[in-house]
file work_38.cif (mmCIF, C-alpha atoms and all ligand atoms)
data_work
#
loop_
_atom_site.label_atom_id
_atom_site.label_comp_id
_atom_site.auth_asym_id
_atom_site.auth_seq_id
_atom_site.Cartn_x
_atom_site.Cartn_y
_atom_site.Cartn_z
CA MET A 27 19.62 9.36 31.95
CA LYS A 28 18.40 9.27 28.36
CA SER A 29 15.54 6.84 27.76
CA THR A 30 15.85 4.33 24.93
CA THR A 31 13.30 2.89 22.53
CA ALA A 32 13.27 -0.27 24.63
CA ASP A 33 12.38 1.72 27.78
CA LEU A 34 9.53 3.56 26.15
CA MET A 35 8.03 1.68 23.22
CA MET A 36 6.24 -1.65 22.95
CA ALA A 37 8.63 -3.97 21.16
CA THR A 38 6.44 -4.52 18.09
CA TYR A 39 9.30 -3.39 15.86
CA LYS A 40 13.01 -4.09 15.92
CA PRO A 41 14.14 -0.67 14.74
CA ARG A 42 17.39 -0.33 12.82
CA PRO A 43 20.11 1.64 14.66
CA VAL A 44 19.51 4.98 12.98
CA THR A 45 17.51 8.07 13.92
CA PHE A 46 16.35 10.28 11.08
CA ALA A 47 16.16 14.01 11.48
CA SER A 48 15.19 15.31 8.06
CA GLY A 49 14.48 14.34 4.48
CA HIS A 50 13.87 15.72 1.03
CA GLY A 51 13.21 13.92 -2.26
CA ALA A 52 14.73 10.44 -2.07
CA THR A 53 17.23 11.44 0.65
CA LEU A 54 17.00 10.99 4.41
CA VAL A 55 19.49 12.55 6.83
CA ASP A 56 20.22 11.11 10.26
CA ASP A 57 20.85 12.95 13.52
CA ALA A 58 24.61 12.83 12.89
CA GLY A 59 24.21 14.48 9.47
CA LYS A 60 24.81 11.35 7.38
CA SER A 61 22.76 11.09 4.16
CA TYR A 62 21.01 8.00 2.89
CA ILE A 63 19.42 7.24 -0.47
CA ASP A 64 16.01 5.95 0.46
CA LEU A 65 14.68 2.96 -1.50
CA VAL A 66 12.04 2.29 1.15
CA ALA A 67 10.05 5.56 1.19
CA GLY A 68 8.61 4.82 4.62
CA ILE A 69 7.14 1.58 3.21
CA ALA A 70 5.90 2.87 -0.15
CA VAL A 71 4.43 6.00 1.44
CA ALA A 72 6.67 8.92 0.45
CA SER A 73 5.99 8.64 -3.30
CA VAL A 74 6.33 12.37 -3.91
CA GLY A 75 9.54 12.44 -1.85
CA HIS A 76 10.13 13.37 1.75
CA SER A 77 8.59 16.61 2.97
CA HIS A 78 7.66 17.76 -0.52
CA PRO A 79 7.36 21.57 -0.28
CA ARG A 80 3.89 21.59 -1.84
CA VAL A 81 2.63 18.92 0.56
CA ALA A 82 4.23 20.67 3.52
CA ALA A 83 2.70 23.99 2.48
CA ALA A 84 -0.75 22.44 2.00
CA ILE A 85 -0.55 20.90 5.48
CA ALA A 86 0.57 24.17 7.07
CA GLU A 87 -2.09 26.24 5.31
CA GLN A 88 -4.90 23.80 6.12
CA ALA A 89 -3.74 23.52 9.74
CA GLN A 90 -4.08 27.26 10.09
CA ARG A 91 -7.56 27.22 8.55
CA LEU A 92 -9.19 24.13 10.12
CA ILE A 93 -7.74 20.96 11.63
CA HIS A 94 -10.81 18.97 12.64
CA ALA A 95 -14.57 19.22 12.40
CA SER A 96 -15.59 15.49 12.48
CA ASN A 97 -17.70 13.58 9.99
CA LEU A 98 -20.88 15.02 11.47
CA TYR A 99 -20.19 17.74 8.90
CA GLY A 100 -18.55 18.06 5.53
CA THR A 101 -15.30 19.91 4.97
CA THR A 102 -14.01 21.42 1.76
CA PRO A 103 -10.81 19.33 1.42
CA GLN A 104 -12.74 16.12 2.09
CA LEU A 105 -15.24 16.76 -0.69
CA GLU A 106 -12.51 17.80 -3.09
CA LEU A 107 -10.54 14.64 -2.32
CA ALA A 108 -13.55 12.38 -2.85
CA GLN A 109 -14.03 14.05 -6.21
CA ARG A 110 -10.40 13.49 -7.22
CA LEU A 111 -10.51 9.87 -6.09
CA ALA A 112 -13.62 9.30 -8.20
CA GLN A 113 -11.66 10.60 -11.20
CA ILE A 114 -8.74 8.29 -10.43
CA ALA A 115 -10.75 5.16 -9.63
CA GLY A 116 -13.84 5.59 -11.81
CA ARG A 117 -17.18 6.67 -10.36
CA ARG A 118 -16.91 5.60 -6.75
CA LEU A 119 -18.19 6.80 -3.38
CA SER A 120 -15.53 7.30 -0.71
CA PHE A 121 -15.23 6.35 2.91
CA LEU A 122 -12.14 8.08 4.25
CA ALA A 123 -10.27 6.37 7.07
CA ASN A 124 -6.93 6.77 8.83
CA SER A 125 -4.95 3.80 7.55
CA GLY A 126 -4.81 0.86 5.21
CA ALA A 127 -6.23 -1.56 7.74
CA GLU A 128 -9.18 0.75 8.36
CA ALA A 129 -9.87 1.03 4.64
CA ILE A 130 -9.95 -2.79 4.56
CA GLU A 131 -12.28 -2.98 7.57
CA CYS A 132 -14.67 -0.68 5.74
CA ALA A 133 -14.49 -2.83 2.60
CA LEU A 134 -15.21 -6.05 4.50
CA LYS A 135 -18.13 -4.57 6.42
CA LEU A 136 -19.57 -3.03 3.27
CA ALA A 137 -19.37 -6.36 1.40
CA ARG A 138 -21.28 -8.19 4.14
CA ARG A 139 -23.79 -5.37 4.39
CA TYR A 140 -24.33 -5.36 0.63
CA HIS A 141 -25.43 -8.99 0.73
CA SER A 142 -27.73 -8.32 3.75
CA GLY A 143 -26.33 -11.20 5.79
CA THR A 144 -26.95 -13.84 3.11
CA ARG A 145 -23.28 -14.21 2.20
CA PRO A 146 -21.06 -14.13 5.29
CA ASN A 147 -17.80 -15.47 3.82
CA PHE A 148 -14.68 -14.08 2.21
CA VAL A 149 -12.08 -15.63 -0.04
CA ALA A 150 -8.54 -14.29 0.35
CA THR A 151 -5.11 -15.53 -0.69
CA VAL A 152 -2.17 -17.28 0.89
CA GLY A 153 0.64 -14.75 1.36
CA GLY A 154 -1.75 -11.81 1.09
CA PHE A 155 -1.44 -8.91 3.51
CA HIS A 156 -4.29 -6.59 4.46
CA GLY A 157 -3.34 -5.12 7.84
CA ARG A 158 -3.24 -5.91 11.55
CA THR A 159 -6.71 -5.14 12.91
CA PHE A 160 -8.85 -8.21 13.46
CA GLY A 161 -10.83 -8.10 10.22
CA ALA A 162 -7.82 -7.18 8.11
CA LEU A 163 -5.69 -9.74 9.96
CA SER A 164 -8.31 -12.41 9.28
CA ALA A 165 -8.08 -11.59 5.55
CA THR A 166 -4.28 -11.71 5.71
CA GLY A 167 -2.97 -15.07 4.54
CA GLN A 168 0.08 -15.32 6.78
CA PRO A 169 -0.31 -17.79 9.69
CA SER A 170 2.74 -16.43 11.55
CA LYS A 171 1.00 -13.06 11.93
CA GLN A 172 -2.36 -14.62 12.78
CA ALA A 173 -1.72 -17.58 15.07
CA PRO A 174 -0.89 -15.68 18.30
CA PHE A 175 -4.16 -13.74 18.11
CA GLU A 176 -6.71 -16.45 17.42
CA PRO A 177 -9.63 -16.71 17.39
CA LEU A 178 -9.90 -14.45 14.36
CA VAL A 179 -13.04 -13.25 12.59
CA PRO A 180 -14.86 -16.30 11.20
CA GLY A 181 -15.67 -16.72 7.52
CA PHE A 182 -12.28 -16.28 5.85
CA MET A 183 -10.89 -18.89 3.51
CA HIS A 184 -7.42 -18.66 1.96
CA ILE A 185 -6.52 -20.11 -1.40
CA GLU A 186 -3.29 -20.02 -3.41
CA TYR A 187 -2.58 -16.67 -5.08
CA ASP A 188 -2.42 -16.60 -8.89
CA ASP A 189 -4.56 -19.74 -9.17
CA PRO A 190 -7.84 -18.98 -11.01
CA ALA A 191 -9.03 -22.59 -10.76
CA ALA A 192 -8.71 -22.55 -6.96
CA LEU A 193 -10.53 -19.22 -6.89
CA SER A 194 -13.35 -20.49 -9.06
CA GLU A 195 -13.78 -23.51 -6.82
CA ALA A 196 -13.74 -21.45 -3.62
CA VAL A 197 -16.29 -18.81 -4.59
CA ASP A 198 -19.84 -20.05 -4.00
CA GLU A 199 -23.14 -18.43 -3.03
CA THR A 200 -21.94 -17.98 0.57
CA VAL A 201 -19.08 -15.67 -0.45
CA ALA A 202 -19.61 -11.92 -0.04
CA ALA A 203 -16.34 -10.92 -1.66
CA VAL A 204 -12.96 -11.97 -2.92
CA ILE A 205 -10.15 -9.80 -1.56
CA LEU A 206 -6.84 -9.59 -3.43
CA GLU A 207 -3.78 -7.44 -3.90
CA PRO A 208 -2.99 -6.80 -7.60
CA ILE A 209 0.63 -7.54 -6.61
CA GLN A 210 1.28 -9.07 -3.19
CA GLY A 211 3.46 -6.48 -1.45
CA GLU A 212 4.29 -7.64 2.06
CA GLY A 213 4.11 -11.24 0.80
CA GLY A 214 7.33 -10.62 -1.14
CA VAL A 215 6.32 -8.56 -4.22
CA VAL A 216 4.55 -11.44 -5.95
CA VAL A 217 3.30 -10.49 -9.42
CA PRO A 218 0.50 -12.76 -10.67
CA SER A 219 0.32 -14.09 -14.22
CA ASP A 220 -1.24 -11.90 -16.89
CA GLY A 221 -4.99 -12.41 -16.88
CA TYR A 222 -5.28 -13.36 -13.19
CA LEU A 223 -7.15 -10.23 -12.14
CA GLN A 224 -9.42 -10.54 -15.17
CA ALA A 225 -10.13 -14.13 -14.23
CA ALA A 226 -10.94 -13.00 -10.67
CA ARG A 227 -13.31 -10.37 -12.06
CA HIS A 228 -15.13 -12.95 -14.21
CA ILE A 229 -15.39 -15.46 -11.37
CA CYS A 230 -16.87 -12.82 -9.06
CA ASP A 231 -19.35 -11.72 -11.72
CA ARG A 232 -20.43 -15.28 -12.44
CA LYS A 233 -20.88 -16.18 -8.76
CA GLY A 234 -22.37 -12.87 -7.61
CA ALA A 235 -19.50 -12.02 -5.25
CA LEU A 236 -17.88 -8.60 -4.98
CA LEU A 237 -14.25 -8.05 -5.93
CA ILE A 238 -12.24 -6.03 -3.41
CA LEU A 239 -8.83 -4.95 -4.67
CA ASP A 240 -6.42 -3.94 -1.94
CA GLU A 241 -4.35 -1.24 -3.65
CA VAL A 242 -3.03 0.12 -0.36
CA GLN A 243 0.55 -0.54 -1.50
CA THR A 244 0.18 -0.78 -5.30
CA GLY A 245 -2.06 2.28 -5.72
CA MET A 246 -1.43 5.98 -6.26
CA GLY A 247 1.11 5.48 -9.03
CA ARG A 248 3.54 3.04 -7.45
CA THR A 249 3.43 0.64 -10.43
CA GLY A 250 3.24 3.33 -13.13
CA THR A 251 -0.53 3.76 -13.28
CA TRP A 252 -2.81 5.28 -10.65
CA LEU A 253 -4.08 1.80 -9.83
CA ALA A 254 -2.19 -1.41 -10.52
CA ALA A 255 -5.40 -3.06 -11.77
CA GLU A 256 -5.31 -0.68 -14.75
CA HIS A 257 -2.53 -2.82 -16.23
CA GLU A 258 -5.18 -5.51 -16.74
CA GLY A 259 -8.11 -3.18 -17.39
CA VAL A 260 -9.91 -4.59 -14.36
CA GLU A 261 -12.36 -2.55 -12.29
CA ALA A 262 -13.00 -3.73 -8.77
CA ASP A 263 -16.27 -3.17 -6.93
CA ILE A 264 -14.35 -1.89 -3.93
CA ILE A 265 -10.84 -0.41 -3.97
CA CYS A 266 -8.74 0.28 -0.88
CA LEU A 267 -6.02 2.92 -0.84
CA ALA A 268 -3.72 4.25 1.87
CA LYS A 269 0.11 4.29 2.10
CA ALA A 270 1.10 6.91 -0.53
CA LEU A 271 -2.29 8.62 -0.55
CA GLY A 272 -1.54 11.33 2.02
CA GLY A 273 2.07 12.11 1.09
CA GLY A 274 3.04 10.80 4.53
CA LEU A 275 0.04 11.79 6.63
CA PRO A 276 -2.22 8.96 7.79
CA ILE A 277 -5.19 8.53 5.51
CA GLY A 278 -6.94 5.55 3.92
CA ALA A 279 -9.79 5.37 1.45
CA CYS A 280 -12.36 2.72 0.70
CA LEU A 281 -13.91 3.45 -2.71
CA ALA A 282 -17.00 1.57 -3.79
CA ARG A 283 -19.25 1.53 -6.84
CA PRO A 284 -22.31 3.66 -5.96
CA GLU A 285 -24.69 0.66 -6.09
CA VAL A 286 -22.49 -1.17 -3.58
CA ALA A 287 -21.86 1.87 -1.39
CA ALA A 288 -25.63 2.36 -1.17
CA ALA A 289 -25.78 -0.63 1.19
CA PHE A 290 -24.35 1.47 4.03
CA GLN A 291 -26.92 3.35 6.08
CA PRO A 292 -26.19 6.14 8.56
CA GLY A 293 -24.71 4.57 11.67
CA ASP A 294 -23.35 1.45 9.94
CA HIS A 295 -19.76 2.61 9.97
CA ALA A 296 -17.87 5.60 11.32
CA THR A 297 -14.55 7.16 12.25
CA THR A 298 -13.79 10.20 14.35
CA PHE A 299 -10.65 11.33 12.57
CA GLY A 300 -10.99 9.74 9.12
CA GLY A 301 -10.88 12.16 6.22
CA GLY A 302 -9.86 15.08 8.40
CA PRO A 303 -9.19 18.35 6.59
CA VAL A 304 -5.40 18.33 7.06
CA GLN A 305 -4.98 14.75 5.82
CA CYS A 306 -7.22 15.49 2.85
CA ALA A 307 -5.32 18.68 2.00
CA ALA A 308 -2.09 16.65 2.08
CA ALA A 309 -3.64 14.02 -0.21
CA LEU A 310 -4.86 16.68 -2.65
CA ALA A 311 -1.38 18.23 -2.81
CA THR A 312 0.12 14.75 -3.27
CA ILE A 313 -2.18 14.01 -6.21
CA ASP A 314 -1.31 17.40 -7.75
CA VAL A 315 2.41 16.64 -7.44
CA ILE A 316 2.00 13.18 -9.01
CA GLU A 317 0.24 14.81 -11.97
CA ASP A 318 2.38 17.94 -12.33
CA GLU A 319 5.71 16.13 -11.98
CA GLY A 320 4.73 13.25 -14.28
CA LEU A 321 5.33 10.65 -11.59
CA LEU A 322 3.29 7.87 -13.18
CA GLU A 323 5.67 7.88 -16.12
CA ARG A 324 8.59 8.33 -13.77
CA ALA A 325 7.55 5.15 -11.90
CA ARG A 326 7.64 3.23 -15.19
CA VAL A 327 10.87 4.68 -16.59
CA GLY A 328 12.83 4.92 -13.34
CA GLY A 329 11.49 1.54 -12.25
CA ALA A 330 12.80 -0.02 -15.45
CA ARG A 331 16.21 1.59 -14.85
CA ILE A 332 16.34 0.16 -11.33
CA ALA A 333 15.21 -3.29 -12.47
CA GLN A 334 17.85 -3.36 -15.23
CA GLY A 335 20.51 -2.18 -12.79
CA LEU A 336 19.59 -4.95 -10.36
CA VAL A 337 19.76 -7.54 -13.14
CA ASP A 338 23.19 -6.16 -14.11
CA LEU A 339 24.43 -6.65 -10.54
CA GLY A 340 24.03 -10.31 -11.45
CA ARG A 341 23.54 -11.66 -7.98
CA GLY A 342 19.82 -12.14 -7.71
CA THR A 343 16.53 -12.16 -9.56
CA VAL A 344 14.23 -9.17 -9.94
CA ARG A 345 10.45 -9.09 -9.87
CA GLY A 346 7.79 -6.41 -9.63
CA ARG A 347 6.32 -3.59 -11.66
CA GLY A 348 7.15 0.11 -11.85
CA MET A 349 8.78 1.11 -8.59
CA LEU A 350 7.43 -1.82 -6.59
CA LEU A 351 10.32 -4.26 -6.92
CA ALA A 352 12.01 -7.11 -5.09
CA PHE A 353 15.60 -8.24 -5.49
CA ASP A 354 15.80 -11.89 -4.48
CA LEU A 355 19.21 -13.28 -3.53
CA GLY A 356 18.01 -16.87 -3.53
CA VAL A 357 19.64 -17.36 -0.11
CA PRO A 358 18.44 -16.08 3.27
CA SER A 359 20.77 -13.07 3.50
CA ALA A 360 18.36 -10.19 2.94
CA GLY A 361 18.76 -9.07 6.56
CA ALA A 362 22.55 -8.91 6.20
CA LEU A 363 22.18 -6.98 2.95
CA VAL A 364 19.88 -4.43 4.60
CA SER A 365 22.48 -3.85 7.35
CA ALA A 366 25.41 -3.63 4.93
CA ALA A 367 23.46 -1.19 2.75
CA LEU A 368 22.52 0.95 5.75
CA GLU A 369 26.21 1.33 6.67
CA ARG A 370 26.84 2.54 3.10
CA GLY A 371 24.06 5.13 3.12
CA LEU A 372 21.37 3.12 1.38
CA LEU A 373 17.96 2.09 2.68
CA VAL A 374 16.29 -1.09 1.45
CA ASN A 375 13.81 -3.28 3.26
CA GLU A 376 13.87 -7.02 3.96
CA VAL A 377 10.56 -8.29 2.56
CA THR A 378 11.34 -12.04 2.81
CA PRO A 379 14.39 -13.78 4.31
CA SER A 380 15.94 -13.87 0.83
CA ALA A 381 14.60 -10.70 -0.81
CA VAL A 382 14.86 -6.96 -0.31
CA ARG A 383 12.01 -4.72 -1.41
CA ILE A 384 12.69 -1.60 -3.43
CA THR A 385 9.99 1.07 -3.28
CA PRO A 386 11.75 4.43 -3.63
CA PRO A 387 10.07 7.80 -3.77
CA LEU A 388 8.85 8.09 -7.38
CA VAL A 389 10.80 11.36 -7.62
CA ILE A 390 14.15 9.55 -7.33
CA THR A 391 16.54 10.82 -10.04
CA ASP A 392 18.59 8.72 -12.47
CA ASP A 393 21.77 9.85 -10.69
CA GLU A 394 20.39 8.72 -7.35
CA ILE A 395 19.34 5.40 -8.85
CA ASP A 396 22.83 4.82 -10.25
CA THR A 397 24.50 5.75 -6.95
CA ALA A 398 22.07 3.49 -5.07
CA LEU A 399 22.97 0.58 -7.36
CA VAL A 400 26.70 1.15 -6.76
CA ARG A 401 26.12 1.14 -3.00
CA LEU A 402 23.98 -1.98 -3.25
CA GLY A 403 26.76 -3.70 -5.22
CA GLU A 404 29.27 -2.75 -2.51
CA ALA A 405 26.93 -4.02 0.17
CA LEU A 406 26.57 -7.31 -1.72
CA ASP A 407 30.38 -7.57 -1.89
CA ALA A 408 30.54 -7.10 1.87
CA ILE A 409 28.13 -9.85 2.92
C1 LIG B 501 0.39 -1.74 4.42
C2 LIG B 501 -0.75 -2.49 3.87
C3 LIG B 501 -1.98 -2.57 4.56
C4 LIG B 501 -2.17 -2.02 5.96
O1 LIG B 501 -2.01 -0.63 6.00
P1 LIG B 501 -1.81 0.10 7.43
O2 LIG B 501 -1.88 1.53 7.09
O3 LIG B 501 -0.47 -0.33 7.94
O4 LIG B 501 -2.92 -0.35 8.30
C5 LIG B 501 -3.03 -3.22 3.95
N1 LIG B 501 -2.90 -3.76 2.74
C6 LIG B 501 -1.74 -3.70 2.04
C7 LIG B 501 -1.67 -4.30 0.68
C8 LIG B 501 -0.63 -3.08 2.59
O5 LIG B 501 0.52 -3.05 1.92
#
call {"tool": "encode", "arguments": {"input": "work_38.cif", "output": "structure tokens"}}
result
Amino acid sequence: MKSTTADLMMATYKPRPVTFASGHGATLVDDAGKSYIDLVAGIAVASVGHSHPRVAAAIAEQAQRLIHASNLYGTTPQLELAQRLAQIAGRRLSFLANSGAEAIECALKLARRYHSGTRPNFVATVGGFHGRTFGALSATGQPSKQAPFEPLVPGFMHIEYDDPAALSEAVDETVAAVILEPIQGEGGVVVPSDGYLQAARHICDRKGALLILDEVQTGMGRTGTWLAAEHEGVEADIICLAKALGGGLPIGACLARPEVAAAFQPGDHATTFGGGPVQCAAALATIDVIEDEGLLERARVGGARIAQGLVDLGRGTVRGRGMLLAFDLGVPSAGALVSAALERGLLVNEVTPSAVRITPPLVITDDEIDTALVRLGEALDAI
């Protein structure tokens, strides 16, 4: 008898009734041969498209050369990636991890270490999402995800997002760092007012706290610039990346200004697999593709086309930046829309009860966008 997901897997997800067998560009194909236009991209991961040939080739070549050596030694792809990341993020030292949550854990530990125990606290935001490990979960501002697992790590305070006055009041001499997303992703694609990140930067500077920007979802071109904070000209002390970084392979990066990074001593933090040669080779190929195929511009131009098309559907409001968008129906039928879209060969993701999130591969073509919008309109008609 064939085993099912329920027989074999912990029920931490409620998977949709589809099994994917292959993918290319913005298309996924299921095990029955049906094609789907993918506006999810594996949760903002497959920015260069599914199984991009250059990423696949880089993985295959690196796998034949060297798969793992550990961080007791350097490897060529790791050093090259750290160099590229320092070009993207400004002069920064890298800690390479395996996921977004691990990049966040590194950032939180580094911030406490930097202040040598004198500033134990963190300020984070209501609705923010930073991952599921205990430190990252403690920074997350979503009680439904936190409550079953208390007690969490002490020292985290949550204030309203997009409220500089609340931030200014919360940050005192006990605060090691403020941790924010430039746009709240999992919280529903919440774009703060212009000037909010700048205000956060000034508050941190004035109070001597570090600014950690969680660009795990917004980074690597998703919003039309390498980092979303570039839209406001803000430079964080610590930047976290993951999701799209490895073209689909698991890799996260915590990037810190050299003066901050200097707080870590050998033995303070570690990872067995983080920054492995294959993941780094995939990330290097992904960065090359983003540059060579002009995907930053594509995120802006294609994102604007999608946003306009959603507005033209006339049945919800649109928010977001570049290709990180939400379409909010104003009524709690996002789940029904996701199902109706799936039947019609379109993947979108329910980000709140009333909103679907739209984070396609940045390589999605205008034709695919237009077809996706037609299918979304039909799905809306059906619910
Ligand atoms: C997805 C996400 C994380 C967690 O990343 P994982 O790789 O799932 O651990 C952290 N922060 C933000 C903003 C995210 O979107």
call {"tool": "residues_around", "arguments": {"input": "work_38.cif", "residues": "Leu253 (chain A)", "least_positions_apart": "4", "cutoff": "10 Å", "atoms": "only C-alpha atoms", "output": "PDB file with C-alpha atoms, keeping the file's coordinate frame"}}
result
ATOM      1  CA  ILE A 114      -8.740   8.290 -10.430  1.00  0.00           C
ATOM      2  CA  ALA A 115     -10.750   5.160  -9.630  1.00  0.00           C
ATOM      3  CA  PRO A 208      -2.990  -6.800  -7.600  1.00  0.00           C
ATOM      4  CA  LEU A 239      -8.830  -4.950  -4.670  1.00  0.00           C
ATOM      5  CA  GLU A 241      -4.350  -1.240  -3.650  1.00  0.00           C
ATOM      6  CA  VAL A 242      -3.030   0.120  -0.360  1.00  0.00           C
ATOM      7  CA  GLN A 243       0.550  -0.540  -1.500  1.00  0.00           C
ATOM      8  CA  THR A 244       0.180  -0.780  -5.300  1.00  0.00           C
ATOM      9  CA  GLY A 245      -2.060   2.280  -5.720  1.00  0.00           C
ATOM     10  CA  MET A 246      -1.430   5.980  -6.260  1.00  0.00           C
ATOM     11  CA  GLY A 247       1.110   5.480  -9.030  1.00  0.00           C
ATOM     12  CA  ARG A 248       3.540   3.040  -7.450  1.00  0.00           C
ATOM     13  CA  THR A 249       3.430   0.640 -10.430  1.00  0.00           C
ATOM     14  CA  HIS A 257      -2.530  -2.820 -16.230  1.00  0.00           C
ATOM     15  CA  GLY A 259      -8.110  -3.180 -17.390  1.00  0.00           C
ATOM     16  CA  VAL A 260      -9.910  -4.590 -14.360  1.00  0.00           C
ATOM     17  CA  GLU A 261     -12.360  -2.550 -12.290  1.00  0.00           C
ATOM     18  CA  ILE A 265     -10.840  -0.410  -3.970  1.00  0.00           C
ATOM     19  CA  LEU A 267      -6.020   2.920  -0.840  1.00  0.00           C
TER      20      LEU A 267
END
call {"tool": "closest_residue", "arguments": {"input": "work_38.cif", "among": "A:Leu321, A:Ala282, A:Ala203, A:Ile63", "to": "Arg138 (chain A)", "atoms": "all atoms listed in the file"}}
result
A:Ala203
call {"tool": "atom_distance", "arguments": {"input": "work_38.cif", "atom1": "CA of Gly301 (chain A)", "atom2": "CA of Ala112 (chain A)"}}
result
15.0 Å
call {"tool": "residues_around", "arguments": {"input": "work_38.cif", "residues": "Glu207 (chain A)", "least_positions_apart": "2", "cutoff": "12 Å", "atoms": "all atoms listed in the file", "output": "MDAnalysis selection string"}}
result
chainID A and resid 130 150:157 165:167 187:188 204:205 209:218 222:223 226 237:245 253:255 262 264:267
call {"tool": "write_last_selection", "arguments": {"input": "work_38.cif", "atoms": "C-alpha atoms", "output": "CSV table (one decimal), in the coordinates of the input"}}
result
chain,number,residue,atom,x,y,z
A,130,ILE,CA,-10.0,-2.8,4.6
A,150,ALA,CA,-8.5,-14.3,0.4
A,151,THR,CA,-5.1,-15.5,-0.7
A,152,VAL,CA,-2.2,-17.3,0.9
A,153,GLY,CA,0.6,-14.8,1.4
A,154,GLY,CA,-1.8,-11.8,1.1
A,155,PHE,CA,-1.4,-8.9,3.5
A,156,HIS,CA,-4.3,-6.6,4.5
A,157,GLY,CA,-3.3,-5.1,7.8
A,165,ALA,CA,-8.1,-11.6,5.6
A,166,THR,CA,-4.3,-11.7,5.7
A,167,GLY,CA,-3.0,-15.1,4.5
A,187,TYR,CA,-2.6,-16.7,-5.1
A,188,ASP,CA,-2.4,-16.6,-8.9
A,204,VAL,CA,-13.0,-12.0,-2.9
A,205,ILE,CA,-10.2,-9.8,-1.6
A,209,ILE,CA,0.6,-7.5,-6.6
A,210,GLN,CA,1.3,-9.1,-3.2
A,211,GLY,CA,3.5,-6.5,-1.4
A,212,GLU,CA,4.3,-7.6,2.1
A,213,GLY,CA,4.1,-11.2,0.8
A,214,GLY,CA,7.3,-10.6,-1.1
A,215,VAL,CA,6.3,-8.6,-4.2
A,216,VAL,CA,4.6,-11.4,-6.0
A,217,VAL,CA,3.3,-10.5,-9.4
A,218,PRO,CA,0.5,-12.8,-10.7
A,222,TYR,CA,-5.3,-13.4,-13.2
A,223,LEU,CA,-7.2,-10.2,-12.1
A,226,ALA,CA,-10.9,-13.0,-10.7
A,237,LEU,CA,-14.2,-8.0,-5.9
A,238,ILE,CA,-12.2,-6.0,-3.4
A,239,LEU,CA,-8.8,-5.0,-4.7
A,240,ASP,CA,-6.4,-3.9,-1.9
A,241,GLU,CA,-4.4,-1.2,-3.6
A,242,VAL,CA,-3.0,0.1,-0.4
A,243,GLN,CA,0.6,-0.5,-1.5
A,244,THR,CA,0.2,-0.8,-5.3
A,245,GLY,CA,-2.1,2.3,-5.7
A,253,LEU,CA,-4.1,1.8,-9.8
A,254,ALA,CA,-2.2,-1.4,-10.5
A,255,ALA,CA,-5.4,-3.1,-11.8
A,262,ALA,CA,-13.0,-3.7,-8.8
A,264,ILE,CA,-14.4,-1.9,-3.9
A,265,ILE,CA,-10.8,-0.4,-4.0
A,266,CYS,CA,-8.7,0.3,-0.9
A,267,LEU,CA,-6.0,2.9,-0.8
call {"tool": "closest_residue", "arguments": {"input": "work_38.cif", "among": "A:Ser73, A:Ser96, A:Ser194, A:Thr102", "to": "Cys230 (chain A)", "atoms": "all atoms listed in the file"}}
result
A:Ser194
call {"tool": "residues_around", "arguments": {"input": "work_38.cif", "residues": "Tyr62 (chain A)", "least_positions_apart": "2", "cutoff": "7 Å", "atoms": "all atoms listed in the file", "output": "JSON, numbers by chain"}}
result
{"A": [53, 54, 55, 60, 64, 371, 372, 373]}
call {"tool": "write_last_selection", "arguments": {"input": "work_38.cif", "atoms": "C-alpha atoms", "output": "PDB file, keeping the file's coordinate frame"}}
result
ATOM      1  CA  THR A  53      17.230  11.440   0.650  1.00  0.00           C
ATOM      2  CA  LEU A  54      17.000  10.990   4.410  1.00  0.00           C
ATOM      3  CA  VAL A  55      19.490  12.550   6.830  1.00  0.00           C
ATOM      4  CA  LYS A  60      24.810  11.350   7.380  1.00  0.00           C
ATOM      5  CA  ASP A  64      16.010   5.950   0.460  1.00  0.00           C
ATOM      6  CA  GLY A 371      24.060   5.130   3.120  1.00  0.00           C
ATOM      7  CA  LEU A 372      21.370   3.120   1.380  1.00  0.00           C
ATOM      8  CA  LEU A 373      17.960   2.090   2.680  1.00  0.00           C
TER       9      LEU A 373
END
call {"tool": "residues_around", "arguments": {"input": "work_38.cif", "residues": "Glu317 (chain A)", "least_positions_apart": "6", "cutoff": "12 Å", "atoms": "all atoms listed in the file", "output": "list in words"}}
result
Val74, Arg110, Ile114, Met246, Gly247, Gly250, Thr251, Trp252, Leu310, Ala311, Glu323, Arg324, Leu388 and Val389 of chain A
call {"tool": "closest_residue", "arguments": {"input": "work_38.cif", "among": "A:Ala288, A:Leu163, A:Leu92, A:Cys280", "to": "Arg139 (chain A)", "atoms": "only C-alpha atoms"}}
result
A:Ala288
call {"tool": "atom_distance", "arguments": {"input": "work_38.cif", "atom1": "CA of Phe182 (chain A)", "atom2": "CA of Asn147 (chain A)"}}
result
5.9 Å
call {"tool": "closest_residue", "arguments": {"input": "work_38.cif", "among": "A:Ala279, A:Val286, A:Leu336, A:Ala84", "to": "ligand LIG 501 (chain B)", "atoms": "all atoms listed in the file"}}
result
A:Ala279
call {"tool": "residues_around", "arguments": {"input": "work_38.cif", "residues": "Thr101 (chain A)", "least_positions_apart": "4", "cutoff": "8 Å", "atoms": "all atoms listed in the file", "output": "MDAnalysis selection string"}}
result
chainID A and resid 95 105 303
call {"tool": "atom_distance", "arguments": {"input": "work_38.cif", "atom1": "CA of Ala325 (chain A)", "atom2": "CA of Gly348 (chain A)"}}
result
5.1 Å
call {"tool": "closest_residue", "arguments": {"input": "work_38.cif", "among": "A:Val344, A:Ala270, A:Ile316, A:Val44", "to": "Gly68 (chain A)", "atoms": "all atoms listed in the file"}}
result
A:Ala270
call {"tool": "closest_residue", "arguments": {"input": "work_38.cif", "among": "A:Ala127, A:Leu322, A:Ile390, A:Leu363", "to": "ligand LIG 501 (chain B)", "atoms": "all atoms listed in the file"}}
result
A:Ala127
